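Asks: Dropping in start_8.txt, which is compact mmCIF, C-alpha atoms and all ligand atoms:
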```
# COMPACT_ATOMS: atom_id res chain seq x y z
CA MET A 1 14.65 8.57 0.69
CA ILE A 2 11.89 7.21 -1.50
CA HIS A 3 9.97 9.11 -4.16
CA PHE A 4 6.52 8.24 -5.49
CA ASP A 5 5.00 9.63 -8.66
CA ILE A 6 1.31 8.81 -9.00
CA ILE A 7 -0.63 9.21 -12.25
CA SER A 8 -4.32 9.82 -11.65
CA ILE A 9 -7.40 11.23 -13.32
CA GLN A 10 -8.77 12.11 -9.87
CA PRO A 11 -5.78 13.73 -8.16
CA GLY A 12 -8.05 15.31 -5.54
CA LEU A 13 -8.70 11.87 -4.08
CA LEU A 14 -5.03 11.66 -3.12
CA GLU A 15 -4.60 15.04 -1.47
CA SER A 16 -5.90 14.28 1.97
CA PRO A 17 -4.43 10.86 2.89
CA PHE A 18 -0.84 12.04 2.78
CA GLN A 19 -1.52 15.27 4.63
CA HIS A 20 -2.90 13.63 7.72
CA SER A 21 -1.44 10.18 8.08
CA ILE A 22 1.64 9.14 9.96
CA LEU A 23 3.37 9.55 6.61
CA LYS A 24 3.21 13.29 6.99
CA ARG A 25 6.13 13.05 9.42
CA GLY A 26 8.14 11.16 6.81
CA ILE A 27 7.32 13.79 4.22
CA ASP A 28 8.19 16.65 6.58
CA LYS A 29 11.50 14.97 7.45
CA GLY A 30 12.34 14.62 3.75
CA LEU A 31 12.35 10.80 3.90
CA ILE A 32 9.39 10.40 1.57
CA SER A 33 8.25 12.53 -1.31
CA ILE A 34 5.02 12.13 -3.24
CA HIS A 35 3.98 13.83 -6.45
CA VAL A 36 0.55 13.35 -7.98
CA GLU A 37 0.42 13.97 -11.73
CA ASP A 38 -2.98 14.76 -13.22
CA LEU A 39 -3.44 12.76 -16.41
CA ARG A 40 -6.12 15.10 -17.80
CA PRO A 41 -3.82 17.76 -19.33
CA TYR A 42 -2.22 14.98 -21.40
CA GLY A 43 -5.62 14.15 -22.90
CA LEU A 44 -6.28 14.52 -26.63
CA GLY A 45 -8.23 17.24 -28.42
CA LYS A 46 -10.13 20.10 -26.96
CA HIS A 47 -11.93 17.79 -24.54
CA LYS A 48 -8.62 16.42 -23.27
CA GLN A 49 -9.84 12.90 -23.88
CA VAL A 50 -8.05 10.20 -21.89
CA ASP A 51 -10.32 7.20 -22.52
CA ASP A 52 -12.15 5.65 -25.47
CA TYR A 53 -14.47 2.78 -26.44
CA GLN A 54 -12.95 -0.66 -26.53
CA TYR A 55 -12.22 -2.47 -29.77
CA GLY A 56 -14.57 -5.40 -30.26
CA GLY A 57 -17.38 -3.64 -28.45
CA GLY A 58 -18.64 -3.90 -24.91
CA ALA A 59 -19.43 -1.57 -22.07
CA GLY A 60 -16.79 0.49 -20.32
CA MET A 61 -14.17 2.91 -21.50
CA VAL A 62 -10.47 2.10 -21.75
CA MET A 63 -7.64 4.46 -20.84
CA MET A 64 -5.83 5.36 -24.08
CA CYS A 65 -2.17 4.73 -24.88
CA GLU A 66 -1.13 8.18 -26.03
CA PRO A 67 -2.05 10.40 -23.06
CA MET A 68 -0.69 7.80 -20.64
CA MET A 69 2.55 7.35 -22.60
CA ASN A 70 3.12 11.10 -22.88
CA CYS A 71 2.54 11.46 -19.16
CA ILE A 72 4.90 8.60 -18.28
CA GLU A 73 7.63 9.91 -20.58
CA LYS A 74 7.37 13.40 -19.12
CA LEU A 75 7.73 12.01 -15.59
CA GLN A 76 10.62 9.78 -16.64
CA THR A 77 12.84 12.65 -17.74
CA GLY A 78 15.78 12.82 -15.39
CA LYS A 79 14.81 9.85 -13.27
CA LYS A 80 14.79 6.09 -13.43
CA TYR A 81 11.94 4.14 -11.85
CA ASP A 82 12.65 0.93 -9.96
CA GLU A 83 9.16 -0.21 -10.85
CA ILE A 84 6.28 1.13 -12.92
CA ILE A 85 3.27 -0.20 -11.07
CA PHE A 86 -0.26 -0.47 -12.42
CA LEU A 87 -2.88 -0.69 -9.69
CA THR A 88 -5.57 -3.07 -10.83
CA PRO A 89 -7.84 -5.69 -9.25
CA ASP A 90 -6.32 -8.33 -11.55
CA GLY A 91 -2.77 -7.66 -10.33
CA ALA A 92 -0.73 -9.70 -7.84
CA ARG A 93 -2.20 -9.45 -4.35
CA MET A 94 -0.29 -7.00 -2.14
CA ASP A 95 1.22 -8.39 1.07
CA GLN A 96 3.83 -7.39 3.64
CA LYS A 97 6.60 -9.09 1.70
CA MET A 98 5.81 -6.91 -1.31
CA ALA A 99 5.76 -3.79 0.88
CA ASN A 100 9.14 -4.73 2.38
CA LYS A 101 10.67 -5.26 -1.06
CA LEU A 102 9.25 -2.07 -2.56
CA SER A 103 10.44 -0.04 0.45
CA LEU A 104 14.01 -0.56 -0.81
CA SER A 105 13.22 1.43 -3.96
CA GLY A 106 14.36 4.94 -4.83
CA ASN A 107 11.69 5.93 -7.35
CA LEU A 108 8.33 4.29 -7.92
CA LEU A 109 5.71 5.22 -10.49
CA LEU A 110 2.13 4.26 -9.63
CA ILE A 111 -0.57 4.31 -12.30
CA CYS A 112 -4.14 4.41 -11.01
CA GLY A 113 -6.52 2.43 -13.17
CA HIS A 114 -10.03 3.58 -14.03
CA TYR A 115 -12.97 2.69 -16.20
CA LYS A 116 -12.70 -0.72 -17.76
CA GLY A 117 -8.95 -0.62 -17.61
CA LEU A 118 -5.81 0.49 -19.34
CA ASP A 119 -4.93 -0.35 -22.93
CA GLU A 120 -3.15 -3.70 -22.73
CA ARG A 121 -0.20 -2.41 -24.79
CA ILE A 122 0.86 -0.09 -21.98
CA ARG A 123 0.62 -2.99 -19.54
CA GLU A 124 2.71 -5.22 -21.80
CA ASN A 125 5.39 -2.75 -22.80
CA VAL A 126 5.79 -0.25 -19.99
CA VAL A 127 4.31 -1.51 -16.73
CA THR A 128 6.75 -3.67 -14.74
CA LEU A 129 4.49 -4.73 -11.86
CA GLU A 130 0.71 -5.05 -11.45
CA ILE A 131 -0.69 -4.91 -7.94
CA SER A 132 -4.11 -5.42 -6.37
CA ILE A 133 -4.74 -4.62 -2.71
CA GLY A 134 -7.29 -7.40 -2.22
CA ASP A 135 -10.06 -9.45 -3.73
CA TYR A 136 -12.75 -6.79 -4.04
CA VAL A 137 -13.29 -4.04 -6.59
CA LEU A 138 -12.71 -0.32 -5.98
CA SER A 139 -13.96 2.38 -8.34
CA GLY A 140 -10.44 3.45 -9.09
CA GLY A 141 -6.82 2.81 -8.24
CA GLU A 142 -6.41 5.98 -6.15
CA LEU A 143 -7.38 4.50 -2.81
CA ALA A 144 -5.26 1.47 -3.59
CA ALA A 145 -2.32 3.77 -4.37
CA ALA A 146 -2.78 5.50 -1.00
CA VAL A 147 -2.74 2.10 0.72
CA LEU A 148 0.40 1.11 -1.16
CA VAL A 149 2.23 4.36 -0.34
CA ASP A 150 1.26 4.09 3.33
CA SER A 151 2.35 0.47 3.66
CA ILE A 152 5.69 1.21 1.96
CA GLY A 153 6.34 4.65 3.44
CA ARG A 154 6.03 3.51 7.05
CA LEU A 155 8.87 1.04 6.47
CA ILE A 156 11.37 3.76 5.52
CA PRO A 157 13.85 4.11 8.43
CA GLY A 158 13.07 7.21 10.48
CA VAL A 159 9.42 7.52 9.47
CA LEU A 160 8.17 5.64 12.51
CA ASN A 161 9.56 6.15 15.99
CA ASP A 162 10.38 3.30 18.39
CA GLU A 163 6.87 3.20 19.74
CA THR A 164 5.35 2.61 16.37
CA SER A 165 8.19 0.47 15.09
CA ALA A 166 7.26 -1.65 12.12
CA LEU A 167 9.25 -4.56 13.55
CA THR A 168 6.39 -5.60 15.82
CA ASP A 169 3.63 -5.32 13.23
CA SER A 170 1.30 -8.13 12.42
CA PHE A 171 2.58 -10.01 9.33
CA GLN A 172 6.17 -8.83 9.73
CA ASP A 173 7.13 -12.42 10.62
CA ASP A 174 4.05 -14.03 9.09
CA LEU A 175 2.37 -13.96 12.52
CA LEU A 176 -0.44 -11.77 13.77
CA ALA A 177 0.38 -9.35 16.60
CA PRO A 178 -0.29 -10.39 20.24
CA PRO A 179 -3.04 -8.75 22.36
CA VAL A 180 -2.08 -5.54 24.17
CA TYR A 181 -3.43 -3.82 27.29
CA THR A 182 -2.97 -0.48 29.02
CA ARG A 183 -3.98 1.06 32.36
CA PRO A 184 -5.96 0.31 34.44
CA SER A 185 -5.20 -3.37 35.08
CA ASN A 186 -8.74 -3.83 36.30
CA PHE A 187 -11.48 -2.05 34.37
CA ARG A 188 -15.00 -2.85 35.58
CA GLY A 189 -13.79 -6.25 36.66
CA TRP A 190 -12.11 -6.96 33.33
CA THR A 191 -8.59 -7.90 34.28
CA ILE A 192 -5.43 -8.45 32.28
CA PRO A 193 -3.20 -11.54 32.11
CA ASP A 194 -1.15 -11.74 35.35
CA ILE A 195 2.05 -12.45 33.48
CA LEU A 196 2.10 -8.91 32.08
CA LEU A 197 2.43 -7.62 35.65
CA SER A 198 5.16 -10.12 36.58
CA GLY A 199 8.08 -7.95 35.51
CA ASP A 200 9.76 -11.03 33.98
CA ASP A 201 10.68 -9.86 30.47
CA SER A 202 11.64 -13.22 29.06
CA LYS A 203 8.44 -14.85 30.34
CA ILE A 204 6.47 -12.00 28.83
CA ASP A 205 8.25 -12.41 25.49
CA ASN A 206 7.42 -16.12 25.51
CA TRP A 207 3.80 -15.43 26.39
CA ARG A 208 3.50 -12.91 23.58
CA TYR A 209 5.00 -15.32 21.09
CA GLU A 210 2.60 -18.07 22.18
CA GLN A 211 -0.31 -15.65 21.78
CA GLN A 212 0.90 -14.78 18.29
CA LEU A 213 1.04 -18.43 17.29
CA GLN A 214 -2.36 -19.20 18.78
CA ARG A 215 -4.02 -16.19 17.17
CA THR A 216 -2.51 -16.94 13.81
CA LYS A 217 -3.59 -20.60 14.03
CA GLU A 218 -7.15 -19.57 14.90
CA ARG A 219 -7.63 -16.60 12.60
CA ARG A 220 -5.21 -16.95 9.71
CA PRO A 221 -4.00 -20.56 9.40
CA ASP A 222 -3.03 -19.76 5.80
CA LEU A 223 -0.16 -17.59 7.10
CA LEU A 224 1.44 -20.57 8.84
CA GLU A 225 1.72 -22.39 5.53
CA ASN A 226 3.88 -19.59 4.09
CA GLU A 227 7.11 -21.26 5.21
CA ASP A 228 10.00 -19.83 3.22
CL1 LIG B 1 -5.38 -1.77 -7.23
N1 LIG B 1 -7.78 -1.14 -8.09
C1 LIG B 1 -9.13 -1.27 -8.11
N2 LIG B 1 -9.84 -0.51 -8.94
N3 LIG B 1 -9.77 -2.13 -7.34
C2 LIG B 1 -9.03 -2.87 -6.52
C3 LIG B 1 -7.64 -2.78 -6.44
C4 LIG B 1 -7.04 -1.89 -7.27
N4 LIG B 1 -7.19 -3.66 -5.54
C5 LIG B 1 -8.27 -4.26 -5.07
N5 LIG B 1 -9.37 -3.80 -5.65
```
Go through the file and emit its structure as structure tokens.
Replies:
Amino acid sequence: MIHFDIISIQPGLLESPFQHSILKRGIDKGLISIHVEDLRPYGLGKHKQVDDYQYGGGAGMVMMCEPMMNCIEKLQTGKKYDEIIFLTPDGARMDQKMANKLSLSGNLLLICGHYKGLDERIRENVVTLEISIGDYVLSGGELAAAVLVDSIGRLIPGVLNDETSALTDSFQDDLLAPPVYTRPSNFRGWTIPDILLSGDDSKIDNWRYEQQLQRTKERRPDLLENED
């Protein structure tokens, strides 16, 4: 059982992904729970302000300490987070190893960044982990949070069935997945490798492994340097 709390100023962006994805099964089975907390009601004044100009000048608003802190403290009552994660393009780049590690958590708090960023004091004093999902910029952390929850949630035992088992995913052993084929064995003259029709399981396993190595060497040689 893993629980995610997600702090967002655009909670609507996070409604759909979890209602349709493969994660829905995990949620329905009680293996995953997700709560999205709208930051807006924690905003200050009658406009429920959550962001302000940055000290020193410059374009772009910054998410303020007080609304965020009040929101975090409210969510923290009665539970302890394994990590308080800020989603930001300048965080550590997400990979399968990170997903594997985070999937062992009980409670995770995800904070979606917006505007120019989050007041550095929250990052220094409260956030325990900063994650980016890749070297490109999104308009907010919400889509990144959905990616994170999906990549972690599918690793929780029971969420996937045998057919979709995470054990054979690309990256799970730092190798890309092998090519796959289904019926018919000859489609418009496009045939499949004979070995897959041989019925020899150990030969097929070897072939698949060779394909994984070859693919990884061709497409992602950087993965082969990750020996550890
Ligand atoms: Cl976590 N947030 C935003 N805004 N952009 C990103 C990202 C996160 N990861 C990659 N790009």
Asks: Would you work out the distance separating CA of Lys101 in chain A from CA of Ser139 in chain A, expressed in Å to one decimal?
Replies: 26.8 Å
Asks: My list of candidates is A:Glu37, A:Glu120, A:Glu73, A:Glu130. Which is closest to ligand LIG 1 (chain B) when distances are computed with all atoms listed in the file?
Replies: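 Distance minimum relative to ligand LIG 1 (chain B) lands on A:Glu130.
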Asks: When you count only C-alpha atoms, which of these residues is closest to Val62 in chain A: A:Ala99, A:Ile192, A:Leu39, A:Leu118?
Replies: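 Counting only C-alpha atoms, the residue closest to Val62 in chain A is A:Leu118.
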Asks: Could you list, as a VMD selection string, all protein and nucleic acid residues with an atom at most 10 Å from ligand LIG 1 (chain B), counting only C-alpha atoms and all ligand atoms?
Replies: chain A and resid 85 to 94 110 to 117 130 to 148
Asks: Quick one: everything within 12 Å of Ser185 in chain A, counting all atoms listed in the file, minus sequence neighbours fewer than 6 positions away in the same chain. Send it as a list in words.
Replies: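 With the cut-off at 12 Å, the set is Thr191, Ile192, Pro193, Asp194, Ile195, Leu196 and Leu197 of chain A.
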Asks: Hey, which of A:Leu102, A:Ile72, A:Ile9, A:Leu160 ends up closest to Lys24 in chain A? Count all atoms listed in the file.
Replies: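 Counting all atoms listed in the file, the residue closest to Lys24 in chain A is A:Leu160.
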Asks: So what do you get for CA of Ile34 in chain A versus CA of Pro11 in chain A, distance-wise?
Replies: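 We find that CA of Ile34 in chain A and CA of Pro11 in chain A lie 12.0 Å from each other.
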Asks: What is the CA of Tyr53 in chain A to CA of Pro67 in chain A distance in Å?
Replies: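 Between these atoms lies a distance of 15.0 Å.
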Asks: Around all the atoms of range 14-24 of chain A listed in the file, with 5 Å of room on each side, what axis-aligned box do you get, giving centre and edge lengths in Å to one decimal, as lines of an AutoDock Vina configuration file?
Replies:
```
center_x = -1.3
center_y = 12.2
center_z = 3.4
size_x = 19.3
size_y = 16.1
size_z = 23.1
```
Asks: Please determine, counting all atoms listed in the file, which residue among A:Asn125, A:Ser198, A:Ser151, A:Gln212 has the shortest atom-to-atom distance to Ser170 in chain A.
Replies: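 Nearest to Ser170 in chain A: A:Gln212.
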Asks: Quick one: residues within 7 Å of (13.9, 1.4, -9.0) (file frame), counting all atoms listed in the file, please, as a ChimeraX atom specification.
Replies: /A:80-83,105-108
Asks: Counting all atoms listed in the file, figure out which residue out of A:Ile84, A:Ile7, A:Leu31, A:Leu13 gets nearest to Asn70 in chain A.
Replies: A:Ile7
